[in-house]
>>> print(open('coords_29.cif').read())   # mmCIF, C-alpha atoms
data_protein
loop_
_atom_site.label_atom_id
_atom_site.label_comp_id
_atom_site.auth_asym_id
_atom_site.auth_seq_id
_atom_site.Cartn_x
_atom_site.Cartn_y
_atom_site.Cartn_z
CA MET A 5 11.91 5.44 31.69
CA SER A 6 9.09 5.19 29.19
CA THR A 7 7.32 2.57 31.30
CA SER A 8 6.55 5.09 34.02
CA VAL A 9 4.65 7.24 31.52
CA ALA A 10 2.78 4.34 29.95
CA SER A 11 1.78 2.98 33.33
CA SER A 12 -0.35 6.00 34.24
CA PRO A 13 -4.14 5.48 33.96
CA ALA A 14 -4.50 8.33 31.48
CA ALA A 15 -1.80 6.90 29.19
CA ALA A 16 -3.30 3.43 29.36
CA ARG A 17 -6.73 4.82 28.51
CA ARG A 18 -5.34 6.71 25.50
CA THR A 19 -3.55 3.58 24.27
CA PHE A 20 -6.77 1.58 24.46
CA ASP A 21 -8.68 4.33 22.71
CA TRP A 22 -6.41 4.59 19.68
CA ARG A 23 -6.24 0.82 19.32
CA LEU A 24 -10.01 0.61 19.38
CA ARG A 25 -10.29 3.30 16.71
CA PHE A 26 -7.55 1.63 14.69
CA GLY A 27 -9.52 -1.60 14.70
CA LEU A 28 -12.73 0.23 13.80
CA LEU A 29 -11.01 1.94 10.86
CA SER A 30 -9.67 -1.39 9.61
CA LEU A 31 -13.17 -2.86 9.80
CA VAL A 32 -15.00 -0.05 8.00
CA TRP A 33 -12.45 0.13 5.20
CA GLY A 34 -12.33 -3.65 4.89
CA PHE A 35 -16.12 -3.91 4.79
CA SER A 36 -16.36 -1.07 2.24
CA PHE A 37 -15.71 -3.56 -0.56
CA LEU A 38 -18.54 -5.77 0.68
CA PHE A 39 -20.84 -2.74 0.86
CA MET A 40 -19.98 -1.87 -2.75
CA LYS A 41 -20.70 -5.42 -3.87
CA VAL A 42 -24.10 -5.43 -2.19
CA GLY A 43 -24.91 -1.96 -3.51
CA THR A 44 -24.14 -2.83 -7.12
CA GLU A 45 -26.61 -5.72 -6.96
CA SER A 46 -29.48 -3.21 -7.25
CA PHE A 47 -27.90 0.10 -8.29
CA ALA A 48 -25.62 1.15 -11.13
CA PRO A 49 -21.95 1.73 -10.15
CA PHE A 50 -22.25 5.49 -10.68
CA GLN A 51 -25.32 5.53 -8.43
CA VAL A 52 -23.47 3.62 -5.72
CA THR A 53 -20.59 6.08 -5.93
CA LEU A 54 -22.87 9.11 -5.89
CA GLY A 55 -24.68 7.78 -2.83
CA ARG A 56 -21.37 7.07 -1.14
CA LEU A 57 -20.16 10.62 -1.75
CA VAL A 58 -23.43 12.22 -0.65
CA PHE A 59 -23.45 10.38 2.68
CA GLY A 60 -19.71 10.79 3.21
CA THR A 61 -19.77 14.51 2.46
CA ALA A 62 -22.69 14.96 4.86
CA VAL A 63 -20.68 13.41 7.71
CA VAL A 64 -17.67 15.66 7.06
CA ALA A 65 -19.96 18.69 6.70
CA VAL A 66 -21.42 18.00 10.14
CA ALA A 67 -17.91 17.73 11.58
CA MET A 68 -17.00 21.06 9.96
CA ALA A 69 -20.10 22.68 11.42
CA VAL A 70 -19.34 21.37 14.90
CA LYS A 71 -15.76 22.66 14.70
CA ARG A 72 -16.90 25.86 12.98
CA GLU A 73 -14.62 25.28 10.03
CA ARG A 74 -15.11 27.37 6.90
CA LEU A 75 -14.68 26.29 3.32
CA PRO A 76 -11.39 27.33 1.71
CA ARG A 77 -11.13 30.42 -0.45
CA GLY A 78 -9.30 31.17 -3.66
CA THR A 79 -10.11 30.24 -7.24
CA TRP A 80 -7.01 28.12 -7.79
CA THR A 81 -7.51 26.34 -4.50
CA TRP A 82 -10.93 25.22 -5.68
CA VAL A 83 -9.56 24.22 -9.08
CA HIS A 84 -6.90 22.06 -7.44
CA LEU A 85 -9.48 20.58 -5.06
CA ALA A 86 -11.73 19.70 -8.01
CA VAL A 87 -8.87 17.77 -9.61
CA ALA A 88 -8.06 16.13 -6.27
CA GLY A 89 -11.70 15.20 -5.77
CA PHE A 90 -11.73 13.52 -9.16
CA LEU A 91 -8.45 11.59 -8.68
CA LEU A 92 -8.92 10.67 -5.03
CA ASN A 93 -12.67 10.15 -4.79
CA ALA A 94 -14.87 10.26 -7.89
CA LEU A 95 -12.63 8.21 -10.18
CA PRO A 96 -11.35 5.45 -7.85
CA PHE A 97 -14.70 5.02 -6.10
CA SER A 98 -16.40 4.60 -9.48
CA LEU A 99 -13.75 2.23 -10.84
CA PHE A 100 -14.00 -0.01 -7.78
CA ALA A 101 -17.79 -0.06 -8.08
CA PHE A 102 -17.60 -1.03 -11.76
CA SER A 103 -14.93 -3.66 -11.04
CA GLU A 104 -17.14 -5.40 -8.50
CA LEU A 105 -19.73 -6.09 -11.15
CA THR A 106 -17.46 -8.91 -12.37
CA ILE A 107 -14.88 -9.66 -9.65
CA PRO A 108 -15.27 -10.68 -5.98
CA SER A 109 -15.14 -7.98 -3.33
CA SER A 110 -12.18 -9.81 -1.77
CA LEU A 111 -10.13 -9.40 -4.97
CA ALA A 112 -11.04 -5.71 -5.15
CA GLY A 113 -9.82 -5.27 -1.58
CA ILE A 114 -6.53 -6.95 -2.41
CA CYS A 115 -6.09 -4.78 -5.50
CA ASN A 116 -6.57 -1.74 -3.28
CA ALA A 117 -3.52 -2.84 -1.26
CA THR A 118 -1.32 -2.18 -4.31
CA SER A 119 -1.67 1.61 -3.86
CA PRO A 120 1.60 1.92 -1.90
CA LEU A 121 3.37 0.05 -4.69
CA TRP A 122 2.01 2.39 -7.36
CA GLY A 123 2.86 5.34 -5.13
CA MET A 124 6.43 4.17 -4.73
CA ALA A 125 6.86 3.70 -8.49
CA LEU A 126 5.34 7.09 -9.32
CA SER A 127 7.22 9.01 -6.64
CA LEU A 128 10.54 7.87 -8.06
CA VAL A 129 9.58 9.56 -11.32
CA ALA A 130 7.50 12.54 -10.19
CA LEU A 131 9.09 13.50 -6.87
CA SER A 132 12.80 14.20 -7.04
CA GLU A 133 13.11 14.38 -3.24
CA ASP A 134 12.05 10.73 -2.88
CA ARG A 135 15.34 8.90 -3.15
CA PRO A 136 15.14 5.20 -4.03
CA THR A 137 16.74 2.78 -1.59
CA ARG A 138 17.55 -0.86 -2.11
CA ARG A 139 14.90 -1.85 0.41
CA ARG A 140 12.16 0.19 -1.25
CA VAL A 141 13.05 -0.95 -4.75
CA ALA A 142 13.08 -4.55 -3.50
CA GLY A 143 9.66 -3.97 -1.93
CA LEU A 144 8.37 -2.70 -5.26
CA GLY A 145 9.56 -5.85 -7.04
CA ILE A 146 8.21 -8.16 -4.32
CA GLY A 147 4.85 -6.37 -4.33
CA PHE A 148 4.30 -6.76 -8.04
CA LEU A 149 5.35 -10.39 -7.78
CA GLY A 150 2.51 -10.71 -5.28
CA VAL A 151 0.11 -9.11 -7.76
CA LEU A 152 1.09 -11.68 -10.38
CA THR A 153 0.54 -14.42 -7.80
CA VAL A 154 -2.96 -13.15 -7.00
CA LEU A 155 -3.76 -13.02 -10.71
CA GLY A 156 -2.44 -16.55 -11.31
CA VAL A 157 -0.10 -15.54 -14.13
CA TRP A 158 1.33 -19.09 -14.46
CA GLN A 159 -2.07 -20.38 -15.58
CA GLY A 160 -2.69 -17.61 -18.09
CA PHE A 161 -5.17 -15.71 -15.86
CA HIS A 162 -7.60 -18.61 -16.26
CA GLY A 163 -10.95 -17.92 -14.58
CA LEU A 164 -10.04 -14.28 -13.94
CA ASP A 165 -12.08 -11.39 -15.25
CA VAL A 166 -9.32 -9.27 -16.74
CA THR A 167 -11.47 -6.16 -17.24
CA GLY A 168 -12.78 -6.07 -13.68
CA THR A 169 -9.34 -6.69 -12.22
CA ALA A 170 -7.80 -4.00 -14.43
CA LEU A 171 -10.42 -1.50 -13.26
CA ALA A 172 -9.64 -2.28 -9.60
CA LEU A 173 -5.91 -1.88 -10.23
CA LEU A 174 -6.52 1.41 -12.05
CA ALA A 175 -8.55 2.58 -9.06
CA SER A 176 -5.64 1.82 -6.74
CA LEU A 177 -3.32 3.68 -9.15
CA SER A 178 -5.55 6.75 -9.08
CA TYR A 179 -4.90 7.30 -5.38
CA PRO A 180 -1.13 7.91 -5.55
CA VAL A 181 -1.60 10.04 -8.68
CA GLY A 182 -3.97 12.16 -6.64
CA TRP A 183 -1.63 12.25 -3.64
CA ILE A 184 1.23 13.48 -5.80
CA TYR A 185 -1.00 16.14 -7.35
CA VAL A 186 -2.13 17.35 -3.93
CA ARG A 187 1.44 17.36 -2.68
CA ARG A 188 2.52 19.57 -5.57
CA THR A 189 -0.42 21.99 -5.45
CA LEU A 190 -1.97 22.11 -1.98
CA ALA A 191 0.71 20.99 0.48
CA GLY A 192 1.49 24.56 1.53
CA SER A 193 -2.12 25.66 1.89
CA SER A 194 -3.03 27.66 5.00
CA HIS A 195 -6.48 26.06 5.16
CA SER A 196 -7.17 23.28 7.63
CA HIS A 197 -7.06 19.67 6.55
CA LEU A 198 -10.73 19.21 7.49
CA SER A 199 -11.77 22.23 5.44
CA LEU A 200 -9.85 21.10 2.35
CA THR A 201 -11.21 17.57 2.53
CA GLY A 202 -14.78 18.75 3.03
CA ALA A 203 -14.53 20.91 -0.10
CA GLN A 204 -12.82 18.09 -1.99
CA LEU A 205 -15.57 15.59 -1.18
CA GLY A 206 -18.22 18.17 -2.02
CA LEU A 207 -16.68 18.80 -5.44
CA ALA A 208 -16.42 15.05 -6.11
CA THR A 209 -20.12 14.76 -5.23
CA VAL A 210 -20.98 17.49 -7.74
CA GLN A 211 -18.96 15.68 -10.42
CA LEU A 212 -20.88 12.44 -9.87
CA ALA A 213 -24.18 14.31 -9.67
CA VAL A 214 -23.51 15.62 -13.20
CA VAL A 215 -22.26 12.32 -14.65
CA THR A 216 -24.70 9.86 -13.09
CA PRO A 217 -27.93 11.05 -14.80
CA LEU A 218 -26.15 11.01 -18.17
CA PHE A 219 -25.22 7.33 -17.98
CA THR A 220 -27.88 5.79 -15.75
CA SER A 221 -31.63 5.78 -15.43
CA MET A 222 -33.69 6.10 -12.28
CA PRO A 223 -33.66 2.84 -10.28
CA ALA A 224 -36.85 0.81 -10.54
CA GLY A 225 -36.88 0.49 -6.76
CA PHE A 226 -34.87 1.08 -3.63
CA PRO A 227 -34.39 -2.30 -1.91
CA VAL A 228 -33.60 -1.89 1.76
CA VAL A 229 -30.41 -3.97 2.02
CA PRO A 230 -28.56 -2.44 -0.99
CA LEU A 231 -29.69 1.03 0.08
CA LEU A 232 -28.36 0.45 3.59
CA ALA A 233 -25.12 -0.85 2.10
CA VAL A 234 -24.65 2.38 0.11
CA ALA A 235 -25.46 4.46 3.18
CA ALA A 236 -22.96 2.49 5.27
CA LEU A 237 -20.37 2.84 2.51
CA GLY A 238 -20.69 6.62 2.65
CA ILE A 239 -21.28 7.22 6.35
CA LEU A 240 -18.79 4.66 7.66
CA GLY A 241 -16.36 3.91 4.83
CA THR A 242 -15.91 7.52 3.72
CA GLY A 243 -17.08 10.15 6.21
CA LEU A 244 -16.44 8.44 9.55
CA ALA A 245 -13.30 6.71 8.25
CA PHE A 246 -11.75 10.05 7.35
CA LEU A 247 -12.46 11.52 10.78
CA ILE A 248 -11.02 8.46 12.55
CA GLN A 249 -7.90 8.46 10.39
CA TYR A 250 -7.41 12.18 10.97
CA ASP A 251 -7.53 11.68 14.74
CA LEU A 252 -5.20 8.68 14.58
CA VAL A 253 -2.54 10.62 12.68
CA ALA A 254 -2.78 13.43 15.22
CA GLU A 255 -2.56 11.09 18.22
CA VAL A 256 -0.17 8.27 17.32
CA GLY A 257 1.61 9.63 14.26
CA PRO A 258 1.52 8.77 10.56
CA THR A 259 3.63 5.62 10.70
CA THR A 260 1.33 3.78 13.08
CA ALA A 261 -1.82 5.11 11.42
CA GLN A 262 -0.63 3.86 8.02
CA MET A 263 -0.52 0.30 9.32
CA VAL A 264 -4.28 0.10 8.74
CA THR A 265 -3.45 -0.38 5.05
CA TYR A 266 -2.20 -3.88 5.80
CA PHE A 267 -5.32 -4.99 7.68
CA THR A 268 -7.90 -3.75 5.15
CA PRO A 269 -7.41 -6.47 2.48
CA VAL A 270 -7.44 -9.18 5.14
CA ILE A 271 -10.80 -7.99 6.44
CA ALA A 272 -12.15 -7.48 2.90
CA THR A 273 -11.22 -11.06 2.01
CA ALA A 274 -12.65 -12.54 5.21
CA ALA A 275 -15.90 -10.58 4.81
CA GLY A 276 -16.31 -11.58 1.17
CA VAL A 277 -15.74 -15.26 1.85
CA ALA A 278 -17.75 -15.48 5.08
CA LEU A 279 -20.72 -13.24 4.25
CA LEU A 280 -20.97 -13.35 0.46
CA GLY A 281 -19.78 -16.91 -0.11
CA GLU A 282 -16.99 -15.84 -2.45
CA SER A 283 -14.55 -18.54 -3.50
CA LEU A 284 -10.91 -18.33 -2.50
CA SER A 285 -8.05 -20.18 -4.18
CA TRP A 286 -4.69 -20.65 -2.49
CA SER A 287 -3.01 -18.06 -4.73
CA THR A 288 -5.21 -15.22 -3.47
CA PRO A 289 -4.15 -15.15 0.22
CA VAL A 290 -0.56 -16.10 -0.64
CA GLY A 291 -0.34 -13.35 -3.24
CA ALA A 292 -1.99 -10.87 -0.89
CA ALA A 293 0.62 -11.63 1.79
CA ILE A 294 3.40 -11.02 -0.74
CA VAL A 295 1.77 -7.74 -1.84
CA LEU A 296 1.54 -6.53 1.76
CA ALA A 297 5.15 -7.51 2.46
CA GLY A 298 6.29 -5.55 -0.58
CA ALA A 299 4.12 -2.57 0.34
CA ALA A 300 5.59 -2.56 3.86
CA LEU A 301 9.11 -2.42 2.42
CA THR A 302 8.24 0.48 0.10
CA GLN A 303 6.94 2.44 3.09
CA ALA A 304 10.14 1.94 5.11
CA ARG A 305 11.43 5.28 6.35
CA PRO A 306 15.05 6.47 6.47
CA GLY A 307 16.95 5.82 9.67
CA PRO A 308 17.88 8.47 12.26
CA GLY A 309 21.00 9.43 10.33
CA ALA A 310 19.16 10.27 7.13
CA THR A 311 18.72 13.86 6.02
CA THR A 312 14.96 13.60 5.48
CA GLY A 313 13.05 15.36 8.25
CA THR A 314 10.02 14.07 10.09
CA ALA A 315 7.74 16.72 8.66
CA GLU A 316 7.70 15.13 5.21
CA PRO A 317 6.18 11.77 6.24
CA VAL A 318 3.54 13.60 8.27
CA ARG A 319 2.61 15.82 5.37
CA ARG A 320 2.55 12.91 2.95
CA THR A 321 0.23 10.92 5.20
CA ARG A 322 -2.14 13.85 5.64
CA GLU A 323 -2.41 14.07 1.86
CA ARG A 324 -3.03 10.33 1.71
CA ASP A 325 -5.88 10.57 4.22
CA LYS A 326 -7.94 12.44 1.63
CA ALA A 327 -8.53 9.24 -0.33
CA THR A 328 -10.56 7.78 2.47
CA ALA A 329 -10.74 4.55 0.72
#
>>> encode(input="coords_29.cif", output="structure tokens")
Amino acid sequence: MSTSVASSPAAARRTFDWRLRFGLLSLVWGFSFLFMKVGTESFAPFQVTLGRLVFGTAVVAVAMAVKRERLPRGTWTWVHLAVAGFLLNALPFSLFAFSELTIPSSLAGICNATSPLWGMALSLVALSEDRPTRRRVAGLGIGFLGVLTVLGVWQGFHGLDVTGTALALLASLSYPVGWIYVRRTLAGSSHSHLSLTGAQLGLATVQLAVVTPLFTSMPAGFPVVPLLAVAALGILGTGLAFLIQYDLVAEVGPTTAQMVTYFTPVIATAAGVALLGESLSWSTPVGAAIVLAGAALTQARPGPGATTGTAEPVRRTRERDKATA
């Protein structure tokens, strides 16, 4: 019965369209780690993050203007958005930029894939409605086994920059902390998702605009390639990526849209090795595969007989979109 619907030209065209956008989203998020690496070659990490937020906010602002969306109102709404902007944008973006001063972009991309694992662990503590299942707990254990494999724990982390790796892992931890905060404070907001995210990115930009001059000095120059990398990081990896993800969730649902998480580290690794000449030991791709397998298990949803409704996964994914990593 479903084949008759899928066989229509309109349905086939829609299927092609979402797959194309899915692939584009995987590419821009995967290449974001390469863009950060190139940007930090000439600019301080805070400057790279500030540039990323300025360009990303501009893209979302244009989208809001086209759709005639207004900024949200209410003092507490703005307070919560300021905290969300810090946890979901300013902090993780900065931590990733600092981490790539000493670790390969491919490793940073793999560390980013641990976010679902951190989210699973935190939700069991902070969200009473998230009931642990054997499959999800097993996924948590498998995922962290993958992290240890990537880090080469059996050889005492030899050749690994512990500080840079820790910063990347902290960045990936910041995302689920932010998602949980948003879920507790803004999930019932009457404002549109686009409006909330535009304000959130704007507040994160203000935060970096205050911090950056305090800890950095004016760049001696603005080399073209690093500058273009920062612009691409903001326009593509933040602003455009958010808009694509938002449309994907609306068209194909949160479960399918979330699958992009498992392609991002693969693309980040391939880009780092192919374009930046980064080295790759056997433990990195093997560990990454284990991490992704564990993350997939933690994201497994209850079956049809479970009491959890479909609205909760949709809401959770919409909150997650605000990271725009």
>>> resolve_selection(input="coords_29.cif", expression="the PyMOL selection byres ((chain A and resi 272-276) around 8)", output="count of residues only")
22
>>> closest_residue(input="coords_29.cif", among="A:Leu54, A:Leu155, A:Leu29, A:Ala125", to="A:Trp286", atoms="all atoms listed in the file")
A:Leu155
>>> residues_around(input="coords_29.cif", residues="A:Gln51", least_positions_apart="2", cutoff="9 Å", atoms="all atoms listed in the file", output="JSON, numbers by chain")
{"A": [43, 44, 47, 48, 49, 53, 54, 55, 56, 212, 213, 216, 217, 220, 223]}
>>> residues_near_point(input="coords_29.cif", point="(3.3, -3.2, 1.2)", cutoff="7 Å", atoms="only C-alpha atoms", output="PyMOL selection string")
chain A and resi 120-121+147+295-303
>>> atom_distance(input="coords_29.cif", atom1="atom CA of A:Val264", atom2="atom CA of A:Asp21")
15.2 Å
>>> atom_distance(input="coords_29.cif", atom1="atom CA of A:Gly238", atom2="atom CA of A:Val32")
10.3 Å
>>> resolve_selection(input="coords_29.cif", expression="the PyMOL selection byres ((chain A and resi 176) around 8)", output="list in words")
Pro96, Cys115, Asn116, Ala117, Thr118, Ser119, Trp122, Ala172, Leu173, Leu174, Ala175, Leu177, Ser178, Tyr179 and Pro180 of chain A
>>> residues_near_point(input="coords_29.cif", point="(-4.3, -18.9, -7.8)", cutoff="7 Å", atoms="all atoms listed in the file", output="VMD selection string")
chain A and resid 153 to 156 285 to 288
>>> atom_distance(input="coords_29.cif", atom1="atom CA of A:Gly206", atom2="atom CA of A:Met68")
12.4 Å
>>> closest_residue(input="coords_29.cif", among="A:Ala142, A:Leu31, A:Arg23, A:Asn93", to="A:Phe267", atoms="all atoms listed in the file")
A:Leu31
>>> residues_around(input="coords_29.cif", residues="A:Thr201", least_positions_apart="2", cutoff="9 Å", atoms="all atoms listed in the file", output="PDB file with C-alpha atoms, in the frame of the given file")
ATOM      1  CA  VAL A  64     -17.670  15.660   7.060  1.00  0.00           C
ATOM      2  CA  LEU A  85      -9.480  20.580  -5.060  1.00  0.00           C
ATOM      3  CA  GLY A  89     -11.700  15.200  -5.770  1.00  0.00           C
ATOM      4  CA  SER A 196      -7.170  23.280   7.630  1.00  0.00           C
ATOM      5  CA  HIS A 197      -7.060  19.670   6.550  1.00  0.00           C
ATOM      6  CA  LEU A 198     -10.730  19.210   7.490  1.00  0.00           C
ATOM      7  CA  SER A 199     -11.770  22.230   5.440  1.00  0.00           C
ATOM      8  CA  ALA A 203     -14.530  20.910  -0.100  1.00  0.00           C
ATOM      9  CA  GLN A 204     -12.820  18.090  -1.990  1.00  0.00           C
ATOM     10  CA  LEU A 205     -15.570  15.590  -1.180  1.00  0.00           C
ATOM     11  CA  GLY A 206     -18.220  18.170  -2.020  1.00  0.00           C
ATOM     12  CA  PHE A 246     -11.750  10.050   7.350  1.00  0.00           C
ATOM     13  CA  ASP A 325      -5.880  10.570   4.220  1.00  0.00           C
ATOM     14  CA  LYS A 326      -7.940  12.440   1.630  1.00  0.00           C
TER      15      LYS A 326
END
>>> axis_aligned_box(input="coords_29.cif", around="stretch 28-33 of chain A", padding_each_side="4 Å", output="JSON")
{"center_x": -12.3, "center_y": -0.5, "center_z": 9.5, "size_x": 13.3, "size_y": 12.8, "size_z": 16.6}
